[in-house]
file coords15.cif (mmCIF, C-alpha atoms and all ligand atoms)
data_start
loop_
_atom_site.label_atom_id
_atom_site.label_comp_id
_atom_site.auth_asym_id
_atom_site.auth_seq_id
_atom_site.Cartn_x
_atom_site.Cartn_y
_atom_site.Cartn_z
CA MET A 135 0.95 9.17 -4.59
CA LYS A 136 2.31 7.51 -1.53
CA ILE A 137 0.73 8.14 1.88
CA VAL A 138 2.83 7.23 4.89
CA GLN A 139 1.92 7.45 8.55
CA MET A 140 4.10 8.90 11.29
CA LEU A 141 1.42 9.23 13.91
CA CYS A 142 1.64 11.36 17.00
CA PRO A 143 2.09 9.10 20.07
CA SER A 144 -1.01 8.93 22.26
CA SER A 145 1.07 10.29 25.14
CA LYS A 146 0.96 13.62 23.32
CA TYR A 147 -2.71 13.62 22.42
CA ASN A 148 -3.38 16.01 25.31
CA ILE A 149 -1.25 18.64 23.56
CA LYS A 150 -1.74 17.90 19.88
CA CYS A 151 -5.19 16.41 19.43
CA PRO A 152 -7.10 16.28 22.72
CA TYR A 153 -10.57 15.83 21.23
CA SER A 154 -12.09 13.02 19.29
CA MET A 155 -13.47 14.31 16.01
CA GLU A 156 -16.08 13.39 13.46
CA ALA A 157 -14.67 15.36 10.55
CA GLU A 158 -17.02 17.45 8.43
CA GLY A 159 -14.54 18.73 5.90
CA ILE A 160 -10.96 19.48 4.90
CA CYS A 161 -8.91 22.62 5.64
CA ILE A 162 -6.03 23.56 3.31
CA HIS A 163 -2.85 25.29 4.50
CA ASN A 164 0.57 26.29 3.15
CA THR A 165 3.53 25.68 5.43
CA ALA A 166 5.24 28.99 4.56
CA ASN A 167 8.40 26.92 4.86
CA ASP A 168 10.79 24.98 2.62
CA ALA A 169 10.95 21.69 4.53
CA PRO A 170 9.79 18.32 3.15
CA ALA A 171 6.68 16.64 4.56
CA VAL A 172 8.54 14.16 6.75
CA ASN A 173 10.36 16.99 8.51
CA GLU A 174 7.18 19.00 8.99
CA ILE A 175 5.47 16.04 10.66
CA LYS A 176 8.52 15.08 12.73
CA TYR A 177 8.80 18.62 14.00
CA MET A 178 5.07 18.85 14.68
CA ILE A 179 5.14 15.67 16.74
CA SER A 180 8.39 16.33 18.58
CA ASN A 181 7.75 19.84 19.87
CA ASN A 182 5.41 20.70 22.70
CA LYS A 183 3.49 23.45 20.97
CA GLU A 184 -0.18 22.92 20.40
CA THR A 185 0.03 23.53 16.65
CA SER A 186 -0.87 20.32 14.84
CA PHE A 187 -2.26 19.09 11.53
CA HIS A 188 -3.26 15.79 9.98
CA PHE A 189 -1.17 15.72 6.81
CA ALA A 190 1.86 17.38 5.29
CA VAL A 191 2.24 16.86 1.54
CA ASP A 192 5.33 17.45 -0.55
CA ASP A 193 6.43 16.64 -4.09
CA ILE A 194 6.93 12.96 -3.25
CA GLN A 195 4.36 11.89 -0.71
CA ALA A 196 1.78 12.70 1.92
CA VAL A 197 2.76 12.10 5.52
CA GLN A 198 0.01 11.67 8.10
CA GLY A 199 0.75 12.85 11.64
CA LEU A 200 -2.64 12.74 13.35
CA PRO A 201 -5.39 10.12 13.19
CA LEU A 202 -8.42 11.36 11.29
CA ASP A 203 -10.72 10.91 14.25
CA ARG A 204 -8.77 13.36 16.45
CA ASN A 205 -8.86 17.14 16.09
CA GLY A 206 -5.87 19.31 15.21
CA TRP A 207 -4.88 22.87 16.15
CA HIS A 208 -4.36 24.63 12.84
CA ALA A 209 -7.26 26.94 11.93
CA SER A 210 -6.78 29.80 14.45
CA ASP A 211 -10.43 29.59 15.48
CA GLY A 212 -10.11 28.57 19.10
CA GLY A 213 -10.96 25.58 21.22
CA ASN A 214 -14.44 25.15 19.84
CA GLY A 215 -13.97 26.50 16.33
CA ARG A 216 -15.25 24.50 13.42
CA GLY A 217 -11.87 24.63 11.67
CA ASN A 218 -10.00 23.20 14.62
CA ARG A 219 -12.63 20.78 15.76
CA LYS A 220 -14.27 19.54 12.57
CA THR A 221 -11.78 19.61 9.71
CA ILE A 222 -8.91 17.48 8.48
CA ALA A 223 -5.86 19.74 8.07
CA ILE A 224 -3.60 19.43 5.03
CA GLU A 225 -0.36 21.43 4.96
CA ILE A 226 1.20 21.86 1.52
CA CYS A 227 5.01 22.03 1.68
CA TYR A 228 7.55 24.26 -0.08
CA SER A 229 5.21 27.25 -0.28
CA LYS A 230 7.88 29.65 0.98
CA SER A 231 9.97 29.58 -2.19
CA GLY A 232 7.56 27.95 -4.63
CA GLY A 233 8.85 26.50 -7.89
CA ASP A 234 8.50 23.06 -9.39
CA ARG A 235 8.62 21.04 -6.18
CA TRP A 236 5.89 23.29 -4.76
CA LEU A 237 3.72 22.76 -7.83
CA LYS A 238 4.20 19.02 -7.54
CA ALA A 239 3.32 19.21 -3.84
CA LEU A 240 0.22 21.18 -4.77
CA ASP A 241 -0.74 18.50 -7.26
CA ASN A 242 -0.21 15.76 -4.68
CA ALA A 243 -2.27 17.68 -2.13
CA ALA A 244 -5.11 17.95 -4.65
CA GLU A 245 -4.89 14.20 -5.14
CA LEU A 246 -4.96 13.50 -1.40
CA THR A 247 -7.88 15.89 -0.96
CA ALA A 248 -9.81 14.21 -3.78
CA GLU A 249 -9.19 10.81 -2.22
CA LEU A 250 -10.39 11.97 1.18
CA LEU A 251 -13.50 13.54 -0.35
CA ILE A 252 -14.31 10.32 -2.17
CA ASP A 253 -13.63 8.17 0.88
CA HIS A 254 -15.96 10.28 3.01
CA GLY A 255 -18.60 10.61 0.31
CA TRP A 256 -18.10 14.40 0.28
CA ASP A 257 -18.23 16.87 -2.58
CA ILE A 258 -15.97 19.84 -3.31
CA SER A 259 -17.99 22.08 -0.99
CA LYS A 260 -16.31 20.33 1.94
CA VAL A 261 -12.94 21.85 1.05
CA SER A 262 -12.12 25.03 2.98
CA LYS A 263 -9.02 27.09 3.63
CA HIS A 264 -7.39 28.40 6.77
CA GLN A 265 -8.46 31.91 5.74
CA ASP A 266 -12.10 30.90 6.16
CA TYR A 267 -11.74 30.59 9.93
CA GLY A 268 -10.88 32.59 13.05
CA ASN A 269 -8.60 35.54 12.37
CA HIS A 270 -8.70 34.87 8.61
CA LYS A 271 -4.97 34.31 8.33
CA HIS A 272 -3.62 34.75 4.81
CA CYS A 273 -3.18 31.01 4.35
CA PRO A 274 -2.73 29.03 2.09
CA HIS A 275 -0.68 32.05 1.05
CA ARG A 276 0.90 30.83 -2.18
CA ILE A 277 -2.36 29.39 -3.47
CA LEU A 278 -4.10 32.69 -2.73
CA ASP A 279 -1.32 34.84 -4.21
CA GLU A 280 -0.19 32.79 -7.13
CA TYR A 281 -2.15 29.68 -8.10
CA GLY A 282 -5.66 30.86 -7.29
CA TRP A 283 -8.09 29.20 -4.88
CA ASP A 284 -10.68 28.44 -7.55
CA ASN A 285 -7.98 26.89 -9.70
CA PHE A 286 -6.97 24.67 -6.81
CA LEU A 287 -10.58 23.58 -6.30
CA ASN A 288 -10.76 22.79 -10.01
CA LEU A 289 -7.59 20.76 -9.75
CA ILE A 290 -9.17 18.71 -6.95
CA LYS A 291 -12.30 18.25 -9.03
CA SER A 292 -10.25 17.02 -11.96
CA LYS A 293 -8.60 14.47 -9.64
CA MET A 294 -12.02 13.34 -8.45
CA GLY A 295 -13.13 13.20 -12.05
CA LYS A 296 -10.48 10.62 -12.78
CA SER A 297 -12.02 8.15 -10.41
CA THR A 298 -15.51 8.90 -11.69
CA GLU A 299 -14.28 8.62 -15.26
CA THR A 300 -14.15 4.88 -14.84
CA GLU A 301 -17.84 5.03 -14.07
CA THR A 302 -18.78 7.16 -17.06
CA LYS A 303 -16.57 5.03 -19.24
CA THR A 304 -19.02 2.20 -18.63
CA ASP A 305 -21.16 3.63 -21.41
CA GLU A 306 -18.45 3.51 -24.01
CA ALA A 307 -18.22 0.51 -26.24
CA VAL A 308 -15.32 -1.78 -25.46
CA SER A 309 -13.18 -3.19 -28.25
CA SER A 310 -15.27 -6.22 -28.97
CA GLY A 311 -18.51 -4.40 -29.47
CA LYS A 312 -20.57 -4.74 -26.32
CA THR A 313 -20.67 -1.92 -23.83
CA VAL A 314 -19.36 -2.47 -20.34
CA VAL A 315 -22.86 -1.90 -19.02
CA THR A 316 -24.25 -4.64 -21.27
CA LEU A 317 -21.58 -7.02 -20.09
CA ALA A 318 -22.12 -6.07 -16.47
CA ARG A 319 -25.80 -6.87 -16.86
CA GLU A 320 -24.93 -10.21 -18.38
CA VAL A 321 -22.66 -10.89 -15.42
CA ILE A 322 -25.46 -10.02 -13.01
CA ALA A 323 -27.79 -12.30 -14.92
CA GLY A 324 -25.31 -15.11 -14.28
CA ARG A 325 -24.08 -15.53 -17.85
CA TRP A 326 -20.40 -15.34 -17.05
CA GLY A 327 -20.14 -17.54 -14.01
CA ASN A 328 -18.66 -16.51 -10.70
CA GLY A 329 -15.36 -15.76 -9.03
CA ALA A 330 -12.26 -17.01 -10.78
CA GLN A 331 -14.27 -18.61 -13.51
CA ARG A 332 -16.05 -15.36 -14.30
CA LYS A 333 -12.71 -13.65 -14.50
CA ALA A 334 -11.29 -16.34 -16.78
CA ASN A 335 -14.36 -16.31 -19.04
CA LEU A 336 -14.38 -12.54 -19.43
CA THR A 337 -10.64 -12.34 -19.95
CA ALA A 338 -10.72 -15.14 -22.50
CA ALA A 339 -13.41 -13.25 -24.42
CA GLY A 340 -11.13 -10.22 -24.53
CA TYR A 341 -12.85 -8.11 -21.89
CA ASP A 342 -11.34 -6.12 -19.04
CA TYR A 343 -12.51 -8.07 -16.01
CA ALA A 344 -11.76 -5.33 -13.47
CA GLU A 345 -13.65 -2.74 -15.44
CA ILE A 346 -16.69 -4.94 -15.90
CA GLN A 347 -16.66 -6.08 -12.30
CA GLY A 348 -16.49 -2.43 -11.26
CA ALA A 349 -19.58 -1.71 -13.34
CA VAL A 350 -21.32 -4.73 -11.77
CA ASN A 351 -20.54 -3.35 -8.33
CA ASP A 352 -21.80 0.08 -9.34
CA ILE A 353 -25.01 -1.31 -10.72
CA CYS A 354 -25.52 -3.37 -7.59
CA ALA A 355 -24.61 -0.48 -5.29
CA GLY A 356 -27.05 1.80 -7.06
CA LYS A 357 -29.97 -0.39 -6.18
CA SER A 358 -31.89 -0.73 -2.98
CA VAL A 359 -30.74 -3.52 -0.70
CA ALA A 360 -33.85 -5.53 -1.46
CA ASP A 361 -33.35 -5.16 -5.18
CA LYS A 362 -29.74 -6.12 -4.76
CA VAL A 363 -30.69 -9.28 -2.99
CA ALA A 364 -33.05 -10.04 -5.84
CA THR A 365 -30.55 -9.51 -8.63
CA CYS A 366 -26.99 -9.27 -7.49
CA THR A 367 -26.85 -12.22 -5.15
CA LYS A 368 -28.33 -14.24 -7.95
CA SER A 369 -25.03 -14.11 -9.72
CA THR A 370 -23.33 -15.78 -6.78
CA THR A 371 -25.81 -18.63 -6.63
CA SER A 372 -26.56 -19.30 -10.27
CA THR A 373 -24.67 -21.94 -12.14
CA PRO A 374 -21.87 -20.60 -14.28
CA THR A 375 -23.02 -20.53 -17.87
CA PRO A 376 -20.47 -18.70 -19.97
CA ALA A 377 -22.30 -17.61 -23.09
CA PRO A 378 -20.31 -14.98 -24.93
CA THR A 379 -23.18 -14.42 -27.35
CA PRO A 380 -26.03 -12.23 -26.19
CA ALA A 381 -29.37 -13.78 -25.36
CA GLN A 382 -31.26 -13.64 -28.61
CA PRO A 383 -34.95 -14.33 -28.79
CA ALA A 384 -35.63 -17.93 -29.74
CA THR A 385 -32.61 -19.41 -27.98
CA PRO A 386 -32.90 -23.20 -27.67
CA ALA A 387 -33.54 -23.82 -23.97
CA LYS A 388 -36.64 -22.03 -22.81
CA LYS A 389 -36.25 -20.40 -19.46
CA SER A 390 -38.76 -20.15 -16.65
CA ASN A 391 -40.90 -17.03 -16.38
CA ASP A 392 -39.08 -16.22 -13.14
CA GLU A 393 -35.74 -16.25 -14.88
CA ILE A 394 -37.05 -14.13 -17.72
CA ALA A 395 -38.56 -11.66 -15.24
CA LYS A 396 -35.14 -11.20 -13.69
CA GLU A 397 -33.63 -10.65 -17.11
CA VAL A 398 -36.32 -8.08 -17.82
CA MET A 399 -35.37 -6.28 -14.63
CA ALA A 400 -31.74 -6.39 -15.64
CA GLY A 401 -32.69 -4.57 -18.83
CA LYS A 402 -32.21 -7.48 -21.24
CA TRP A 403 -35.58 -7.29 -22.90
CA GLY A 404 -36.02 -3.59 -23.49
CA ASN A 405 -39.07 -1.64 -22.41
CA GLY A 406 -42.73 -1.13 -23.23
CA ALA A 407 -43.92 -2.34 -26.61
CA ASP A 408 -40.44 -3.47 -27.61
CA ARG A 409 -40.23 -5.69 -24.52
CA LYS A 410 -43.64 -7.17 -25.28
CA ALA A 411 -42.79 -7.86 -28.92
CA ARG A 412 -39.46 -9.46 -28.08
CA LEU A 413 -40.84 -11.65 -25.31
CA GLU A 414 -43.69 -12.85 -27.49
CA ALA A 415 -41.39 -13.46 -30.44
CA ALA A 416 -39.27 -15.62 -28.15
CA GLY A 417 -42.33 -17.58 -27.16
CA TYR A 418 -42.87 -16.19 -23.68
CA ASP A 419 -46.13 -15.13 -22.08
CA TYR A 420 -45.63 -11.38 -21.80
CA ALA A 421 -48.44 -10.83 -19.27
CA ALA A 422 -47.19 -13.59 -16.97
CA VAL A 423 -43.60 -12.35 -17.06
CA GLN A 424 -44.66 -8.75 -16.57
CA ASN A 425 -46.70 -9.79 -13.53
CA ILE A 426 -43.64 -11.30 -11.91
CA VAL A 427 -41.59 -8.21 -12.80
CA ASN A 428 -44.18 -5.97 -11.18
CA GLY A 429 -44.16 -8.16 -8.10
CA LEU A 430 -40.36 -8.01 -7.82
CA ALA A 431 -40.27 -4.28 -8.45
CA GLY A 432 -43.02 -3.67 -5.91
CA LYS A 433 -41.21 -5.72 -3.32
CA SER A 434 -38.01 -3.84 -3.77
CA THR A 435 -39.65 -0.47 -3.34
CA GLN A 436 -41.71 -1.56 -0.36
CA THR A 437 -38.79 -2.89 1.60
CA THR A 438 -37.25 0.46 2.18
CA THR A 439 -33.50 0.53 2.46
CA PRO A 440 -32.29 1.31 5.95
CA ALA A 441 -30.77 4.78 6.03
CA LYS A 442 -27.22 4.36 4.79
CA LYS A 443 -24.60 5.62 7.19
CA SER A 444 -21.62 7.71 6.23
CA ASN A 445 -18.38 5.91 5.44
CA GLU A 446 -16.85 7.64 8.42
CA ALA A 447 -19.55 6.33 10.75
CA ILE A 448 -19.05 2.83 9.37
CA ALA A 449 -15.27 3.14 9.74
CA ARG A 450 -15.84 3.87 13.43
CA GLU A 451 -18.04 0.81 13.72
CA VAL A 452 -15.32 -1.24 12.05
CA ILE A 453 -12.77 0.03 14.57
CA ALA A 454 -15.23 -0.79 17.35
CA GLY A 455 -15.28 -4.36 16.03
CA LYS A 456 -18.85 -4.35 14.75
CA TRP A 457 -17.99 -5.61 11.28
CA GLY A 458 -15.59 -8.45 12.03
CA ASN A 459 -12.18 -8.83 10.44
CA GLY A 460 -10.46 -9.73 7.20
CA ASN A 461 -12.56 -11.38 4.56
CA GLN A 462 -15.62 -11.53 6.77
CA ARG A 463 -15.49 -7.77 7.23
CA LYS A 464 -15.17 -7.29 3.51
CA GLN A 465 -18.10 -9.56 2.77
CA ARG A 466 -20.36 -8.00 5.37
CA LEU A 467 -19.60 -4.44 4.32
CA THR A 468 -20.04 -5.25 0.66
CA ALA A 469 -23.29 -7.11 1.31
CA ALA A 470 -24.59 -4.06 3.19
CA GLY A 471 -23.84 -1.93 0.17
CA TYR A 472 -20.73 -0.17 1.44
CA ASN A 473 -17.50 0.46 -0.40
CA TYR A 474 -15.08 -1.78 1.46
CA ALA A 475 -11.93 -0.22 0.02
CA ALA A 476 -12.97 3.33 0.88
CA ILE A 477 -13.96 2.37 4.41
CA GLN A 478 -10.81 0.36 4.98
CA ARG A 479 -8.70 3.34 3.89
CA LEU A 480 -10.52 5.51 6.42
CA VAL A 481 -10.04 2.90 9.12
CA ASN A 482 -6.34 2.74 8.36
CA ARG A 483 -6.03 6.49 8.65
CA MET A 484 -7.99 6.64 11.88
CA ILE A 485 -5.91 4.11 13.78
ZN ZN B 501 -2.70 27.76 7.71
#
call {"tool": "encode", "arguments": {"input": "coords15.cif", "output": "structure tokens"}}
result
Amino acid sequence: MKIVQMLCPSSKYNIKCPYSMEAEGICIHNTANDAPAVNEIKYMISNNKETSFHFAVDDIQAVQGLPLDRNGWHASDGGNGRGNRKTIAIEICYSKSGGDRWLKALDNAAELTAELLIDHGWDISKVSKHQDYGNHKHCPHRILDEYGWDNFLNLIKSKMGKSTETETKTDEAVSSGKTVVTLAREVIAGRWGNGAQRKANLTAAGYDYAEIQGAVNDICAGKSVADKVATCTKSTTSTPTPAPTPAQPATPAKKSNDEIAKEVMAGKWGNGADRKARLEAAGYDYAAVQNIVNGLAGKSTQTTTPAKKSNEAIAREVIAGKWGNGNQRKQRLTAAGYNYAAIQRLVNRMI
């Protein structure tokens, strides 16, 4: 779904969105009107009433009218109410008459909501409705009367599920036999080279580069920063050695114990007795390798990860210039374990 911005001019902030906001959730509304999203936003911006909201969504697109770091006046809970001061307002169009275009608008709104939840690192509990605040207005009226609030929440969850599906899919076997997770571990261990070469090697072997790279990023993101430095940056420094066949015990060139220890940590040598048997069968000194593994593991738990900030907090830092620009920004955010794309989307919606 397309998201376009038609932002309120700052000259009208004093009427429409006077306060800066660190959003804590999303508030859903129905317009009780039959106008498309563009018209809703145009009207909202052009009049001098206080009423304001962040998005209007119709059957074609979402239109953003307020930056996400300013409050809106939509929840009927006063100047200091949580709805008005802490939530991102989404108006769903065509609720007056309903019908197909309304249902499509509803679907698009669920998609936008799911995207915002993911970008902020929120779960479904962050979604509220106008009725939850202030005078408990019967809004979003057509969802309450017809579609069902719980059904709408489930629709959002199913949209969120789609983006997490790619993560769970990592356990399924890909066409050529190996699982995405196995391949991702091989990538991390440096077996598939780096950058364009990695892409070419994986593609040539019939794998979906984007999917595998996504799994690599997930694996790396799931680890502590120290651990990440130990394993994930290795793949950017190691020499590209495309080896489409898995590392079998008794491969010709014997590796150093350090290298093997890293492979053990990447899960290549199994666990417990199986690990011991396989390492010994391949001619390695199990005790020596295990010592290094223990050292690496200890290090990564000792160096505690600095408390990770919310994507929204980081987006603010980006806007304040703390993370540089362009490629440098991307590299620094990624290196610090943040999801660059999610943060950049938030930044774009805030400015
Ligand atoms: Zn409302």
call {"tool": "closest_atom_pairs", "arguments": {"input": "coords15.cif", "of": "segment 150-238 of chain A", "to": "segment 470-483 of chain A", "cutoff": "10 Å", "atoms": "all atoms listed in the file", "output": "CSV"}}
result
residue,atom,partner,partner_atom,distance
A:His188,CA,A:Arg483,CA,9.8
A:Gln198,CA,A:Arg483,CA,8.0
A:Gly199,CA,A:Arg483,CA,9.8
A:Leu200,CA,A:Arg483,CA,8.5
A:Pro201,CA,A:Arg483,CA,5.8
A:Leu202,CA,A:Arg483,CA,6.0
A:Asp203,CA,A:Arg483,CA,8.5
call {"tool": "residues_around", "arguments": {"input": "coords15.cif", "residues": "segment 245-252 of chain A", "least_positions_apart": "4", "cutoff": "10 Å", "atoms": "all atoms listed in the file", "output": "PyMOL selection string"}}
result
chain A and resi 135-137+159-162+189+191+195-196+222+224+239-241+256-261+287+289-298+445+476+479-480
call {"tool": "closest_residue", "arguments": {"input": "coords15.cif", "among": "A:His163, A:Arg463, A:Arg235, A:Arg332", "to": "Ala318 of chain A", "atoms": "all atoms listed in the file"}}
result
A:Arg332
call {"tool": "residues_near_ligand", "arguments": {"input": "coords15.cif", "ligand": "ligand ZN 501 (chain B)", "cutoff": "6 Å", "atoms": "all atoms listed in the file", "output": "PyMOL selection string"}}
result
chain A and resi 163-164+264+273-274
call {"tool": "residues_around", "arguments": {"input": "coords15.cif", "residues": "Arg412 of chain A", "least_positions_apart": "3", "cutoff": "7 Å", "atoms": "all atoms listed in the file", "output": "list in words"}}
result
Pro383, Trp403, Asp408, Arg409, Ala415 and Ala416 of chain A
call {"tool": "closest_residue", "arguments": {"input": "coords15.cif", "among": "A:Val197, A:Met484, A:Cys151, A:Cys142", "to": "Gly213 of chain A", "atoms": "all atoms listed in the file"}}
result
A:Cys151
call {"tool": "atom_distance", "arguments": {"input": "coords15.cif", "atom1": "atom CA of Ala447 of chain A", "atom2": "atom CA of Ser154 of chain A"}}
result
13.2 Å
call {"tool": "atom_distance", "arguments": {"input": "coords15.cif", "atom1": "atom CA of Tyr281 of chain A", "atom2": "atom CA of Gly212 of chain A"}}
result
28.4 Å
call {"tool": "residues_around", "arguments": {"input": "coords15.cif", "residues": "Asn335 of chain A", "least_positions_apart": "3", "cutoff": "7 Å", "atoms": "all atoms listed in the file", "output": "number ranges by chain"}}
result
A: 326, 331-332, 338-339, 376
call {"tool": "closest_residue", "arguments": {"input": "coords15.cif", "among": "A:Ser444, A:Thr165, A:Asn181, A:Asn214", "to": "Tyr153 of chain A", "atoms": "only C-alpha atoms"}}
result
A:Asn214
call {"tool": "residues_around", "arguments": {"input": "coords15.cif", "residues": "Glu156 of chain A", "least_positions_apart": "5", "cutoff": "8 Å", "atoms": "only C-alpha atoms", "output": "list in words"}}
result
Asp203, Arg204, Lys220 and Glu446 of chain A
call {"tool": "axis_aligned_box", "arguments": {"input": "coords15.cif", "around": "segment 334-351 of chain A", "padding_each_side": "8 Å", "output": "JSON"}}
result
{"center_x": -16.0, "center_y": -9.0, "center_z": -16.4, "size_x": 26.7, "size_y": 30.6, "size_z": 32.2}
call {"tool": "closest_residue", "arguments": {"input": "coords15.cif", "among": "A:Glu320, A:Asn285, A:Gly215, A:Leu467", "to": "Lys442 of chain A", "atoms": "all atoms listed in the file"}}
result
A:Leu467
call {"tool": "atom_distance", "arguments": {"input": "coords15.cif", "atom1": "atom CA of Ala407 of chain A", "atom2": "atom CA of Gly324 of chain A"}}
result
25.7 Å
call {"tool": "residues_around", "arguments": {"input": "coords15.cif", "residues": "Gly206 of chain A", "least_positions_apart": "3", "cutoff": "7 Å", "atoms": "only C-alpha atoms", "output": "list in words"}}
result
Lys150, Cys151, Ser186, Phe187, His188, Asn218 and Arg219 of chain A
call {"tool": "closest_residue", "arguments": {"input": "coords15.cif", "among": "A:Gly327, A:Ser262, A:Ala171, A:Asn205", "to": "Val138 of chain A", "atoms": "all atoms listed in the file"}}
result
A:Ala171
call {"tool": "decode", "arguments": {"input": "coords15.cif", "residues": "segment 443-459 of chain A", "atoms": "N, CA and C atoms", "output": "JSON list (two decimals), in the first residue's frame"}}
result
[["chain", "number", "residue", "atom", "x", "y", "z"],
["A", 443, "LYS", "N", 17.89, 1.05, 22.69],
["A", 443, "LYS", "CA", 16.84, 2.07, 22.72],
["A", 443, "LYS", "C", 15.72, 1.71, 21.77],
["A", 444, "SER", "N", 14.60, 2.36, 21.94],
["A", 444, "SER", "CA", 13.47, 2.11, 21.04],
["A", 444, "SER", "C", 13.80, 2.69, 19.67],
["A", 445, "ASN", "N", 13.17, 2.12, 18.64],
["A", 445, "ASN", "CA", 13.38, 2.65, 17.29],
["A", 445, "ASN", "C", 12.99, 4.12, 17.21],
["A", 446, "GLU", "N", 11.95, 4.47, 17.96],
["A", 446, "GLU", "CA", 11.51, 5.87, 17.94],
["A", 446, "GLU", "C", 12.58, 6.78, 18.53],
["A", 447, "ALA", "N", 13.18, 6.34, 19.63],
["A", 447, "ALA", "CA", 14.23, 7.15, 20.25],
["A", 447, "ALA", "C", 15.41, 7.31, 19.28],
["A", 448, "ILE", "N", 15.75, 6.22, 18.60],
["A", 448, "ILE", "CA", 16.86, 6.27, 17.65],
["A", 448, "ILE", "C", 16.50, 7.18, 16.47],
["A", 449, "ALA", "N", 15.23, 7.10, 16.03],
["A", 449, "ALA", "CA", 14.81, 7.96, 14.91],
["A", 449, "ALA", "C", 15.01, 9.43, 15.28],
["A", 450, "ARG", "N", 14.69, 9.76, 16.53],
["A", 450, "ARG", "CA", 14.91, 11.14, 16.99],
["A", 450, "ARG", "C", 16.39, 11.51, 16.95],
["A", 451, "GLU", "N", 17.22, 10.57, 17.36],
["A", 451, "GLU", "CA", 18.66, 10.83, 17.34],
["A", 451, "GLU", "C", 19.14, 11.02, 15.90],
["A", 452, "VAL", "N", 18.56, 10.22, 15.00],
["A", 452, "VAL", "CA", 18.92, 10.38, 13.58],
["A", 452, "VAL", "C", 18.56, 11.77, 13.10],
["A", 453, "ILE", "N", 17.35, 12.22, 13.45],
["A", 453, "ILE", "CA", 16.90, 13.55, 13.03],
["A", 453, "ILE", "C", 17.80, 14.62, 13.65],
["A", 454, "ALA", "N", 18.25, 14.36, 14.87],
["A", 454, "ALA", "CA", 19.14, 15.32, 15.54],
["A", 454, "ALA", "C", 20.56, 15.25, 14.99],
["A", 455, "GLY", "N", 20.79, 14.36, 14.03],
["A", 455, "GLY", "CA", 22.10, 14.31, 13.38],
["A", 455, "GLY", "C", 23.12, 13.42, 14.05],
["A", 456, "LYS", "N", 22.68, 12.62, 15.04],
["A", 456, "LYS", "CA", 23.65, 11.84, 15.80],
["A", 456, "LYS", "C", 24.17, 10.61, 15.07],
["A", 457, "TRP", "N", 23.51, 10.23, 13.97],
["A", 457, "TRP", "CA", 23.91, 8.99, 13.30],
["A", 457, "TRP", "C", 24.41, 9.23, 11.88],
["A", 458, "GLY", "N", 24.76, 10.46, 11.57],
["A", 458, "GLY", "CA", 25.30, 10.74, 10.24],
["A", 458, "GLY", "C", 24.24, 10.63, 9.16],
["A", 459, "ASN", "N", 24.72, 10.54, 7.92],
["A", 459, "ASN", "CA", 23.80, 10.50, 6.78],
["A", 459, "ASN", "C", 24.10, 9.34, 5.86]]
